[in-house]
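Containing PDB, N, CA and C atoms: work_30.pdb.
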ATOM      1  N   MET A   1     -31.585  13.433   4.785
ATOM      2  CA  MET A   1     -30.666  12.384   4.382
ATOM      3  C   MET A   1     -29.310  12.640   5.041
ATOM      4  N   THR A   2     -28.735  11.611   5.608
ATOM      5  CA  THR A   2     -27.447  11.766   6.279
ATOM      6  C   THR A   2     -26.325  11.278   5.377
ATOM      7  N   ASP A   3     -25.198  11.932   5.494
ATOM      8  CA  ASP A   3     -24.016  11.504   4.753
ATOM      9  C   ASP A   3     -23.350  10.371   5.512
ATOM     10  N   THR A   4     -22.811   9.414   4.768
ATOM     11  CA  THR A   4     -22.106   8.316   5.404
ATOM     12  C   THR A   4     -20.679   8.269   4.892
ATOM     13  N   ALA A   5     -19.823   7.832   5.749
ATOM     14  CA  ALA A   5     -18.415   7.686   5.369
ATOM     15  C   ALA A   5     -18.193   6.284   4.811
ATOM     16  N   CYS A   6     -17.397   6.213   3.764
ATOM     17  CA  CYS A   6     -16.997   4.935   3.191
ATOM     18  C   CYS A   6     -15.527   4.720   3.540
ATOM     19  N   ILE A   7     -15.217   3.522   3.974
ATOM     20  CA  ILE A   7     -13.845   3.182   4.338
ATOM     21  C   ILE A   7     -13.414   1.990   3.494
ATOM     22  N   LEU A   8     -12.315   2.169   2.791
ATOM     23  CA  LEU A   8     -11.779   1.105   1.938
ATOM     24  C   LEU A   8     -10.442   0.640   2.500
ATOM     25  N   TYR A   9     -10.359  -0.647   2.801
ATOM     26  CA  TYR A   9      -9.154  -1.257   3.368
ATOM     27  C   TYR A   9      -8.577  -2.220   2.329
ATOM     28  N   SER A  10      -7.285  -2.118   2.087
ATOM     29  CA  SER A  10      -6.635  -2.995   1.122
ATOM     30  C   SER A  10      -5.303  -3.468   1.677
ATOM     31  N   GLU A  11      -4.947  -4.688   1.350
ATOM     32  CA  GLU A  11      -3.650  -5.239   1.758
ATOM     33  C   GLU A  11      -2.888  -5.692   0.534
ATOM     34  N   LEU A  12      -1.573  -5.545   0.614
ATOM     35  CA  LEU A  12      -0.695  -6.001  -0.444
ATOM     36  C   LEU A  12       0.589  -6.513   0.171
ATOM     37  N   GLU A  13       1.323  -7.222  -0.634
ATOM     38  CA  GLU A  13       2.635  -7.698  -0.208
ATOM     39  C   GLU A  13       3.652  -7.257  -1.248
ATOM     40  N   ILE A  14       4.761  -6.737  -0.772
ATOM     41  CA  ILE A  14       5.855  -6.357  -1.654
ATOM     42  C   ILE A  14       6.974  -7.366  -1.480
ATOM     43  N   HIS A  15       7.432  -7.928  -2.595
ATOM     44  CA  HIS A  15       8.590  -8.816  -2.579
ATOM     45  C   HIS A  15       9.775  -8.002  -3.063
ATOM     46  N   ILE A  16      10.835  -7.951  -2.267
ATOM     47  CA  ILE A  16      12.029  -7.159  -2.555
ATOM     48  C   ILE A  16      13.202  -8.128  -2.691
ATOM     49  N   PRO A  17      13.401  -8.701  -3.872
ATOM     50  CA  PRO A  17      14.366  -9.786  -4.026
ATOM     51  C   PRO A  17      15.813  -9.400  -3.766
ATOM     52  N   TYR A  18      16.189  -8.154  -3.978
ATOM     53  CA  TYR A  18      17.592  -7.742  -3.809
ATOM     54  C   TYR A  18      17.916  -7.295  -2.387
ATOM     55  N   SER A  19      16.942  -7.216  -1.511
ATOM     56  CA  SER A  19      17.171  -6.749  -0.140
ATOM     57  C   SER A  19      18.065  -7.735   0.618
ATOM     58  N   GLN A  20      19.094  -7.206   1.258
ATOM     59  CA  GLN A  20      20.018  -8.041   2.021
ATOM     60  C   GLN A  20      19.953  -7.791   3.523
ATOM     61  N   SER A  21      19.065  -6.860   3.937
ATOM     62  CA  SER A  21      18.947  -6.547   5.361
ATOM     63  C   SER A  21      17.612  -5.860   5.620
ATOM     64  N   LEU A  22      17.269  -5.746   6.890
ATOM     65  CA  LEU A  22      16.064  -5.006   7.255
ATOM     66  C   LEU A  22      16.195  -3.531   6.871
ATOM     67  N   LYS A  23      17.420  -3.014   6.905
ATOM     68  CA  LYS A  23      17.647  -1.623   6.512
ATOM     69  C   LYS A  23      17.294  -1.415   5.040
ATOM     70  N   ASP A  24      17.705  -2.328   4.172
ATOM     71  CA  ASP A  24      17.349  -2.256   2.753
ATOM     72  C   ASP A  24      15.831  -2.275   2.583
ATOM     73  N   LYS A  25      15.201  -3.202   3.295
ATOM     74  CA  LYS A  25      13.751  -3.342   3.206
ATOM     75  C   LYS A  25      13.060  -2.071   3.676
ATOM     76  N   ARG A  26      13.481  -1.521   4.806
ATOM     77  CA  ARG A  26      12.848  -0.311   5.358
ATOM     78  C   ARG A  26      12.950   0.868   4.400
ATOM     79  N   GLN A  27      14.055   0.971   3.672
ATOM     80  CA  GLN A  27      14.196   2.054   2.697
ATOM     81  C   GLN A  27      13.125   1.942   1.615
ATOM     82  N   VAL A  28      12.899   0.738   1.127
ATOM     83  CA  VAL A  28      11.880   0.520   0.102
ATOM     84  C   VAL A  28      10.494   0.806   0.665
ATOM     85  N   VAL A  29      10.200   0.271   1.847
ATOM     86  CA  VAL A  29       8.885   0.443   2.461
ATOM     87  C   VAL A  29       8.625   1.914   2.778
ATOM     88  N   ASN A  30       9.591   2.587   3.356
ATOM     89  CA  ASN A  30       9.396   3.995   3.709
ATOM     90  C   ASN A  30       9.190   4.869   2.477
ATOM     91  N   ARG A  31       9.950   4.625   1.426
ATOM     92  CA  ARG A  31       9.800   5.389   0.183
ATOM     93  C   ARG A  31       8.408   5.141  -0.408
ATOM     94  N   PHE A  32       7.980   3.881  -0.431
ATOM     95  CA  PHE A  32       6.659   3.531  -0.945
ATOM     96  C   PHE A  32       5.567   4.207  -0.108
ATOM     97  N   ARG A  33       5.658   4.066   1.202
ATOM     98  CA  ARG A  33       4.665   4.643   2.114
ATOM     99  C   ARG A  33       4.541   6.154   1.926
ATOM    100  N   ASP A  34       5.665   6.837   1.882
ATOM    101  CA  ASP A  34       5.650   8.294   1.748
ATOM    102  C   ASP A  34       5.034   8.747   0.432
ATOM    103  N   ARG A  35       5.375   8.074  -0.638
ATOM    104  CA  ARG A  35       4.821   8.453  -1.949
ATOM    105  C   ARG A  35       3.315   8.220  -2.018
ATOM    106  N   ILE A  36       2.847   7.102  -1.483
ATOM    107  CA  ILE A  36       1.406   6.814  -1.496
ATOM    108  C   ILE A  36       0.662   7.803  -0.603
ATOM    109  N   ARG A  37       1.189   8.090   0.554
ATOM    110  CA  ARG A  37       0.557   9.078   1.446
ATOM    111  C   ARG A  37       0.446  10.437   0.770
ATOM    112  N   ASN A  38       1.516  10.884   0.148
ATOM    113  CA  ASN A  38       1.526  12.213  -0.473
ATOM    114  C   ASN A  38       0.637  12.280  -1.709
ATOM    115  N   GLN A  39       0.664  11.268  -2.539
ATOM    116  CA  GLN A  39      -0.083  11.284  -3.800
ATOM    117  C   GLN A  39      -1.574  11.044  -3.600
ATOM    118  N   PHE A  40      -1.945  10.156  -2.658
ATOM    119  CA  PHE A  40      -3.333   9.722  -2.541
ATOM    120  C   PHE A  40      -3.982  10.036  -1.195
ATOM    121  N   ASN A  41      -3.255  10.675  -0.293
ATOM    122  CA  ASN A  41      -3.795  11.015   1.024
ATOM    123  C   ASN A  41      -4.401   9.780   1.704
ATOM    124  N   ALA A  42      -3.682   8.671   1.637
ATOM    125  CA  ALA A  42      -4.126   7.408   2.222
ATOM    126  C   ALA A  42      -3.267   7.088   3.440
ATOM    127  N   SER A  43      -3.835   6.333   4.360
ATOM    128  CA  SER A  43      -3.068   5.842   5.500
ATOM    129  C   SER A  43      -2.387   4.541   5.089
ATOM    130  N   VAL A  44      -1.091   4.452   5.369
ATOM    131  CA  VAL A  44      -0.301   3.293   4.959
ATOM    132  C   VAL A  44       0.512   2.811   6.156
ATOM    133  N   ALA A  45       0.500   1.494   6.387
ATOM    134  CA  ALA A  45       1.278   0.930   7.486
ATOM    135  C   ALA A  45       1.822  -0.431   7.091
ATOM    136  N   GLU A  46       3.023  -0.725   7.568
ATOM    137  CA  GLU A  46       3.571  -2.065   7.392
ATOM    138  C   GLU A  46       2.966  -2.939   8.472
ATOM    139  N   VAL A  47       2.303  -4.034   8.067
ATOM    140  CA  VAL A  47       1.569  -4.853   9.023
ATOM    141  C   VAL A  47       1.971  -6.325   9.017
ATOM    142  N   GLY A  48       2.818  -6.726   8.078
ATOM    143  CA  GLY A  48       3.173  -8.145   8.008
ATOM    144  C   GLY A  48       4.599  -8.349   7.558
ATOM    145  N   SER A  49       5.109  -9.538   7.851
ATOM    146  CA  SER A  49       6.480  -9.917   7.487
ATOM    147  C   SER A  49       7.488  -8.901   8.021
ATOM    148  N   LEU A  50       7.287  -8.479   9.246
ATOM    149  CA  LEU A  50       8.095  -7.405   9.822
ATOM    150  C   LEU A  50       9.566  -7.751   9.960
ATOM    151  N   GLU A  51       9.897  -9.003  10.158
ATOM    152  CA  GLU A  51      11.296  -9.389  10.341
ATOM    153  C   GLU A  51      11.891 -10.075   9.103
ATOM    154  N   ASP A  52      11.108 -10.192   8.055
ATOM    155  CA  ASP A  52      11.566 -10.818   6.811
ATOM    156  C   ASP A  52      12.253  -9.749   5.957
ATOM    157  N   TRP A  53      13.435  -9.989   5.503
ATOM    158  CA  TRP A  53      14.217  -9.017   4.731
ATOM    159  C   TRP A  53      13.647  -8.747   3.353
ATOM    160  N   GLN A  54      13.000  -9.734   2.764
ATOM    161  CA  GLN A  54      12.599  -9.598   1.367
ATOM    162  C   GLN A  54      11.089  -9.503   1.148
ATOM    163  N   ARG A  55      10.322  -9.410   2.204
ATOM    164  CA  ARG A  55       8.862  -9.291   2.088
ATOM    165  C   ARG A  55       8.358  -8.223   3.045
ATOM    166  N   ALA A  56       7.319  -7.517   2.587
ATOM    167  CA  ALA A  56       6.667  -6.518   3.436
ATOM    168  C   ALA A  56       5.168  -6.601   3.218
ATOM    169  N   GLY A  57       4.421  -6.787   4.287
ATOM    170  CA  GLY A  57       2.961  -6.743   4.231
ATOM    171  C   GLY A  57       2.523  -5.316   4.517
ATOM    172  N   ILE A  58       1.729  -4.745   3.616
ATOM    173  CA  ILE A  58       1.324  -3.344   3.718
ATOM    174  C   ILE A  58      -0.198  -3.259   3.760
ATOM    175  N   ALA A  59      -0.719  -2.411   4.651
ATOM    176  CA  ALA A  59      -2.147  -2.114   4.705
ATOM    177  C   ALA A  59      -2.349  -0.665   4.276
ATOM    178  N   ILE A  60      -3.385  -0.449   3.477
ATOM    179  CA  ILE A  60      -3.727   0.891   2.998
ATOM    180  C   ILE A  60      -5.195   1.138   3.316
ATOM    181  N   VAL A  61      -5.479   2.314   3.891
ATOM    182  CA  VAL A  61      -6.855   2.675   4.210
ATOM    183  C   VAL A  61      -7.156   4.046   3.606
ATOM    184  N   MET A  62      -8.311   4.127   2.932
ATOM    185  CA  MET A  62      -8.773   5.399   2.383
ATOM    186  C   MET A  62     -10.205   5.639   2.867
ATOM    187  N   VAL A  63     -10.504   6.886   3.173
ATOM    188  CA  VAL A  63     -11.823   7.269   3.661
ATOM    189  C   VAL A  63     -12.388   8.336   2.734
ATOM    190  N   GLY A  64     -13.670   8.216   2.423
ATOM    191  CA  GLY A  64     -14.334   9.208   1.577
ATOM    192  C   GLY A  64     -15.836   9.079   1.714
ATOM    193  N   ASN A  65     -16.564   9.856   0.922
ATOM    194  CA  ASN A  65     -18.022   9.795   1.008
ATOM    195  C   ASN A  65     -18.644   9.113  -0.207
ATOM    196  N   SER A  66     -17.809   8.537  -1.084
ATOM    197  CA  SER A  66     -18.314   7.877  -2.286
ATOM    198  C   SER A  66     -17.499   6.621  -2.584
ATOM    199  N   ARG A  67     -18.196   5.503  -2.674
ATOM    200  CA  ARG A  67     -17.514   4.252  -3.014
ATOM    201  C   ARG A  67     -16.907   4.320  -4.407
ATOM    202  N   THR A  68     -17.622   4.933  -5.321
ATOM    203  CA  THR A  68     -17.140   5.054  -6.697
ATOM    204  C   THR A  68     -15.823   5.809  -6.736
ATOM    205  N   HIS A  69     -15.764   6.916  -6.024
ATOM    206  CA  HIS A  69     -14.539   7.714  -5.986
ATOM    207  C   HIS A  69     -13.382   6.911  -5.371
ATOM    208  N   LEU A  70     -13.654   6.215  -4.274
ATOM    209  CA  LEU A  70     -12.606   5.426  -3.622
ATOM    210  C   LEU A  70     -12.144   4.271  -4.506
ATOM    211  N   ASP A  71     -13.074   3.651  -5.228
ATOM    212  CA  ASP A  71     -12.691   2.591  -6.172
ATOM    213  C   ASP A  71     -11.737   3.135  -7.229
ATOM    214  N   ARG A  72     -12.057   4.314  -7.772
ATOM    215  CA  ARG A  72     -11.184   4.926  -8.778
ATOM    216  C   ARG A  72      -9.827   5.277  -8.179
ATOM    217  N   GLN A  73      -9.843   5.794  -6.958
ATOM    218  CA  GLN A  73      -8.595   6.150  -6.285
ATOM    219  C   GLN A  73      -7.717   4.924  -6.060
ATOM    220  N   LEU A  74      -8.314   3.818  -5.627
ATOM    221  CA  LEU A  74      -7.529   2.605  -5.390
ATOM    222  C   LEU A  74      -6.971   2.061  -6.706
ATOM    223  N   SER A  75      -7.753   2.120  -7.768
ATOM    224  CA  SER A  75      -7.248   1.672  -9.072
ATOM    225  C   SER A  75      -6.060   2.526  -9.509
ATOM    226  N   ALA A  76      -6.170   3.837  -9.324
ATOM    227  CA  ALA A  76      -5.061   4.737  -9.660
ATOM    228  C   ALA A  76      -3.865   4.465  -8.761
ATOM    229  N   LEU A  77      -4.122   4.208  -7.483
ATOM    230  CA  LEU A  77      -3.046   3.908  -6.531
ATOM    231  C   LEU A  77      -2.325   2.631  -6.945
ATOM    232  N   GLN A  78      -3.078   1.615  -7.344
ATOM    233  CA  GLN A  78      -2.462   0.351  -7.748
ATOM    234  C   GLN A  78      -1.566   0.544  -8.967
ATOM    235  N   ALA A  79      -2.037   1.298  -9.945
ATOM    236  CA  ALA A  79      -1.226   1.558 -11.141
ATOM    237  C   ALA A  79       0.025   2.350 -10.781
ATOM    238  N   HIS A  80      -0.123   3.351  -9.925
ATOM    239  CA  HIS A  80       1.012   4.169  -9.502
ATOM    240  C   HIS A  80       2.017   3.330  -8.709
ATOM    241  N   ALA A  81       1.513   2.461  -7.856
ATOM    242  CA  ALA A  81       2.380   1.625  -7.022
ATOM    243  C   ALA A  81       3.282   0.741  -7.871
ATOM    244  N   LEU A  82       2.743   0.218  -8.961
ATOM    245  CA  LEU A  82       3.547  -0.630  -9.845
ATOM    246  C   LEU A  82       4.706   0.138 -10.466
ATOM    247  N   GLU A  83       4.524   1.433 -10.665
ATOM    248  CA  GLU A  83       5.570   2.270 -11.258
ATOM    249  C   GLU A  83       6.648   2.664 -10.254
ATOM    250  N   ILE A  84       6.266   2.841  -8.992
ATOM    251  CA  ILE A  84       7.205   3.432  -8.029
ATOM    252  C   ILE A  84       7.913   2.433  -7.121
ATOM    253  N   VAL A  85       7.364   1.251  -6.944
ATOM    254  CA  VAL A  85       7.938   0.336  -5.964
ATOM    255  C   VAL A  85       9.190  -0.341  -6.510
ATOM    256  N   ASP A  86      10.150  -0.525  -5.625
ATOM    257  CA  ASP A  86      11.395  -1.211  -5.968
ATOM    258  C   ASP A  86      11.271  -2.695  -5.620
ATOM    259  N   GLY A  87      10.304  -3.342  -6.216
ATOM    260  CA  GLY A  87      10.063  -4.753  -5.954
ATOM    261  C   GLY A  87       8.818  -5.197  -6.700
ATOM    262  N   GLU A  88       8.330  -6.381  -6.358
ATOM    263  CA  GLU A  88       7.139  -6.947  -6.993
ATOM    264  C   GLU A  88       5.970  -6.835  -6.032
ATOM    265  N   ILE A  89       4.802  -6.458  -6.552
ATOM    266  CA  ILE A  89       3.621  -6.288  -5.711
ATOM    267  C   ILE A  89       2.610  -7.382  -6.000
ATOM    268  N   GLN A  90       2.029  -7.917  -4.921
ATOM    269  CA  GLN A  90       0.913  -8.848  -5.034
ATOM    270  C   GLN A  90      -0.216  -8.295  -4.166
ATOM    271  N   TRP A  91      -1.345  -7.987  -4.777
ATOM    272  CA  TRP A  91      -2.502  -7.473  -4.042
ATOM    273  C   TRP A  91      -3.269  -8.640  -3.458
ATOM    274  N   HIS A  92      -3.645  -8.502  -2.180
ATOM    275  CA  HIS A  92      -4.323  -9.601  -1.497
ATOM    276  C   HIS A  92      -5.799  -9.351  -1.244
ATOM    277  N   SER A  93      -6.144  -8.132  -0.851
ATOM    278  CA  SER A  93      -7.537  -7.926  -0.472
ATOM    279  C   SER A  93      -7.976  -6.496  -0.705
ATOM    280  N   ARG A  94      -9.292  -6.366  -0.784
ATOM    281  CA  ARG A  94      -9.966  -5.076  -0.868
ATOM    282  C   ARG A  94     -11.265  -5.268  -0.098
ATOM    283  N   GLU A  95     -11.475  -4.461   0.914
ATOM    284  CA  GLU A  95     -12.609  -4.680   1.801
ATOM    285  C   GLU A  95     -13.231  -3.348   2.182
ATOM    286  N   TRP A  96     -14.552  -3.295   2.138
ATOM    287  CA  TRP A  96     -15.287  -2.102   2.590
ATOM    288  C   TRP A  96     -15.628  -2.264   4.054
ATOM    289  N   LEU A  97     -15.349  -1.246   4.834
ATOM    290  CA  LEU A  97     -15.653  -1.285   6.275
ATOM    291  C   LEU A  97     -16.770  -0.320   6.608
TER     292      LEU A  97
END

What does this structure look like when you write it as structure tokens?
Amino acid sequence: MTDTACILYSELEIHIPYSQSLKDKRQVVNRFRDRIRNQFNASVAEVGSLEDWQRAGIAIVMVGNSRTHLDRQLSALQAHALEIVDGEIQWHSREWL
């Protein structure tokens, strides 16, 4: 029996209503990215709304050998994200690759 890798891809959007510049936005995005990377060992990248001051499109990718484990990790990540982000989060997708 061979082991297979499971890849979970998720996208979200952060709305940062108080941001007045790209610098403000980058501070929020960088802080969010660093905390998620450190806590969950996930790959995080800003992929959308790059020039919009008050919105950030974020992609998160996690790799593991169990879908169940990755599902639990993403649920924990979502709960943690709501606590740490300096804005409002809207989850858009969850996809297995």

Give me the residues within 6 Å of range 13-23 of chain A as number ranges by chain, counting only N, CA and C atoms and dropping any in the same chain fewer than 6 places off. A: 53-58, 86-92

With 5 Å of padding per side, what axis-aligned box (centre and edge lengths, Å, one decimal) covers all the listed atoms of range 68-82 of chain A? Give it as AutoDock Vina command-line options.
--center_x -6.5 --center_y 3.5 --center_z -7.4 --size_x 32.3 --size_y 18.3 --size_z 17.5

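Interatomic distance, CA of Gly64 in chain A against CA of Asn41 in chain A: 10.7 Å.
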
In Å, how far is it from CA of Leu82 in chain A to CA of Ser43 in chain A? 17.9 Å

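Proximity of A:Arg72, A:Leu50, A:Ser66, A:Ile60 to Glu11 in chain A, computed with all atoms listed in the file, is greatest for A:Ile60.
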
When you count only C-alpha atoms, which of these residues is closest to Ile36 in chain A: A:Leu12, A:Cys6, A:Val63, A:Ile84? A:Ile84

Between A:Val85, A:Ala42, A:Leu8, A:Val28, which has the minimum distance to Leu70 in chain A (counting all atoms listed in the file)? A:Leu8

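The interatomic distance for the pair atom N of Met62 in chain A and atom N of Lys25 in chain A works out to 24.6 Å.
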
As a VMD selection string, please: all residues of chain A that backbone DSSP puts in strand (DSSP E or B). chain A and resid 6 to 15 43 to 48 55 to 64 88 to 96

Check which residues satisfy the PyMOL selection byres ((chain A and resi 94) around 5) in the file shown, then give them as number ranges by chain. A: 9-10, 92-93, 95-96

Pick the closest to Val29 in chain A from A:Glu46, A:Leu97, A:Leu74, A:Asp3: which is it, counting all atoms listed in the file? A:Glu46

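Restricting the calculation to all atoms listed in the file, the smallest distance between Val44 in chain A and any of A:Arg26, A:Asn65, A:Phe32, A:Glu83 is found for A:Phe32.
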
From the DSSP assignment of the backbone, select every residue of chain A that is alpha helix (DSSP H), and format the answer as an MDAnalysis selection string. chainID A and resid 22:40 67:84

N, CA, C and O atoms are needed for range 51-76 of chain A; please write them out as an mmCIF file, in the coordinates of the input.
data_model
loop_
_atom_site.group_PDB
_atom_site.id
_atom_site.type_symbol
_atom_site.label_atom_id
_atom_site.label_comp_id
_atom_site.auth_asym_id
_atom_site.auth_seq_id
_atom_site.Cartn_x
_atom_site.Cartn_y
_atom_site.Cartn_z
ATOM 1 N N GLU A 51 9.897 -9.003 10.158
ATOM 2 C CA GLU A 51 11.296 -9.389 10.341
ATOM 3 C C GLU A 51 11.891 -10.075 9.103
ATOM 4 O O GLU A 51 13.032 -10.502 9.121
ATOM 5 N N ASP A 52 11.108 -10.192 8.055
ATOM 6 C CA ASP A 52 11.566 -10.818 6.811
ATOM 7 C C ASP A 52 12.253 -9.749 5.957
ATOM 8 O O ASP A 52 11.682 -8.699 5.692
ATOM 9 N N TRP A 53 13.435 -9.989 5.503
ATOM 10 C CA TRP A 53 14.217 -9.017 4.731
ATOM 11 C C TRP A 53 13.647 -8.747 3.353
ATOM 12 O O TRP A 53 13.847 -7.675 2.810
ATOM 13 N N GLN A 54 13.000 -9.734 2.764
ATOM 14 C CA GLN A 54 12.599 -9.598 1.367
ATOM 15 C C GLN A 54 11.089 -9.503 1.148
ATOM 16 O O GLN A 54 10.639 -9.472 0.014
ATOM 17 N N ARG A 55 10.322 -9.410 2.204
ATOM 18 C CA ARG A 55 8.862 -9.291 2.088
ATOM 19 C C ARG A 55 8.358 -8.223 3.045
ATOM 20 O O ARG A 55 8.867 -8.080 4.147
ATOM 21 N N ALA A 56 7.319 -7.517 2.587
ATOM 22 C CA ALA A 56 6.667 -6.518 3.436
ATOM 23 C C ALA A 56 5.168 -6.601 3.218
ATOM 24 O O ALA A 56 4.698 -6.517 2.086
ATOM 25 N N GLY A 57 4.421 -6.787 4.287
ATOM 26 C CA GLY A 57 2.961 -6.743 4.231
ATOM 27 C C GLY A 57 2.523 -5.316 4.517
ATOM 28 O O GLY A 57 2.914 -4.731 5.520
ATOM 29 N N ILE A 58 1.729 -4.745 3.616
ATOM 30 C CA ILE A 58 1.324 -3.344 3.718
ATOM 31 C C ILE A 58 -0.198 -3.259 3.760
ATOM 32 O O ILE A 58 -0.887 -3.929 2.986
ATOM 33 N N ALA A 59 -0.719 -2.411 4.651
ATOM 34 C CA ALA A 59 -2.147 -2.114 4.705
ATOM 35 C C ALA A 59 -2.349 -0.665 4.276
ATOM 36 O O ALA A 59 -1.565 0.210 4.659
ATOM 37 N N ILE A 60 -3.385 -0.449 3.477
ATOM 38 C CA ILE A 60 -3.727 0.891 2.998
ATOM 39 C C ILE A 60 -5.195 1.138 3.316
ATOM 40 O O ILE A 60 -6.051 0.289 3.038
ATOM 41 N N VAL A 61 -5.479 2.314 3.891
ATOM 42 C CA VAL A 61 -6.855 2.675 4.210
ATOM 43 C C VAL A 61 -7.156 4.046 3.606
ATOM 44 O O VAL A 61 -6.369 4.984 3.755
ATOM 45 N N MET A 62 -8.311 4.127 2.932
ATOM 46 C CA MET A 62 -8.773 5.399 2.383
ATOM 47 C C MET A 62 -10.205 5.639 2.867
ATOM 48 O O MET A 62 -11.004 4.703 2.947
ATOM 49 N N VAL A 63 -10.504 6.886 3.173
ATOM 50 C CA VAL A 63 -11.823 7.269 3.661
ATOM 51 C C VAL A 63 -12.388 8.336 2.734
ATOM 52 O O VAL A 63 -11.682 9.261 2.326
ATOM 53 N N GLY A 64 -13.670 8.216 2.423
ATOM 54 C CA GLY A 64 -14.334 9.208 1.577
ATOM 55 C C GLY A 64 -15.836 9.079 1.714
ATOM 56 O O GLY A 64 -16.339 8.277 2.497
ATOM 57 N N ASN A 65 -16.564 9.856 0.922
ATOM 58 C CA ASN A 65 -18.022 9.795 1.008
ATOM 59 C C ASN A 65 -18.644 9.113 -0.207
ATOM 60 O O ASN A 65 -19.849 9.091 -0.344
ATOM 61 N N SER A 66 -17.809 8.537 -1.084
ATOM 62 C CA SER A 66 -18.314 7.877 -2.286
ATOM 63 C C SER A 66 -17.499 6.621 -2.584
ATOM 64 O O SER A 66 -16.280 6.688 -2.742
ATOM 65 N N ARG A 67 -18.196 5.503 -2.674
ATOM 66 C CA ARG A 67 -17.514 4.252 -3.014
ATOM 67 C C ARG A 67 -16.907 4.320 -4.407
ATOM 68 O O ARG A 67 -15.821 3.816 -4.655
ATOM 69 N N THR A 68 -17.622 4.933 -5.321
ATOM 70 C CA THR A 68 -17.140 5.054 -6.697
ATOM 71 C C THR A 68 -15.823 5.809 -6.736
ATOM 72 O O THR A 68 -14.873 5.395 -7.411
ATOM 73 N N HIS A 69 -15.764 6.916 -6.024
ATOM 74 C CA HIS A 69 -14.539 7.714 -5.986
ATOM 75 C C HIS A 69 -13.382 6.911 -5.371
ATOM 76 O O HIS A 69 -12.273 6.910 -5.896
ATOM 77 N N LEU A 70 -13.654 6.215 -4.274
ATOM 78 C CA LEU A 70 -12.606 5.426 -3.622
ATOM 79 C C LEU A 70 -12.144 4.271 -4.506
ATOM 80 O O LEU A 70 -10.957 3.945 -4.535
ATOM 81 N N ASP A 71 -13.074 3.651 -5.228
ATOM 82 C CA ASP A 71 -12.691 2.591 -6.172
ATOM 83 C C ASP A 71 -11.737 3.135 -7.229
ATOM 84 O O ASP A 71 -10.728 2.513 -7.543
ATOM 85 N N ARG A 72 -12.057 4.314 -7.772
ATOM 86 C CA ARG A 72 -11.184 4.926 -8.778
ATOM 87 C C ARG A 72 -9.827 5.277 -8.179
ATOM 88 O O ARG A 72 -8.788 5.086 -8.816
ATOM 89 N N GLN A 73 -9.843 5.794 -6.958
ATOM 90 C CA GLN A 73 -8.595 6.150 -6.285
ATOM 91 C C GLN A 73 -7.717 4.924 -6.060
ATOM 92 O O GLN A 73 -6.505 4.973 -6.277
ATOM 93 N N LEU A 74 -8.314 3.818 -5.627
ATOM 94 C CA LEU A 74 -7.529 2.605 -5.390
ATOM 95 C C LEU A 74 -6.971 2.061 -6.706
ATOM 96 O O LEU A 74 -5.820 1.622 -6.748
ATOM 97 N N SER A 75 -7.753 2.120 -7.768
ATOM 98 C CA SER A 75 -7.248 1.672 -9.072
ATOM 99 C C SER A 75 -6.060 2.526 -9.509
ATOM 100 O O SER A 75 -5.052 2.001 -9.995
ATOM 101 N N ALA A 76 -6.170 3.837 -9.324
ATOM 102 C CA ALA A 76 -5.061 4.737 -9.660
ATOM 103 C C ALA A 76 -3.865 4.465 -8.761
ATOM 104 O O ALA A 76 -2.714 4.462 -9.217
#
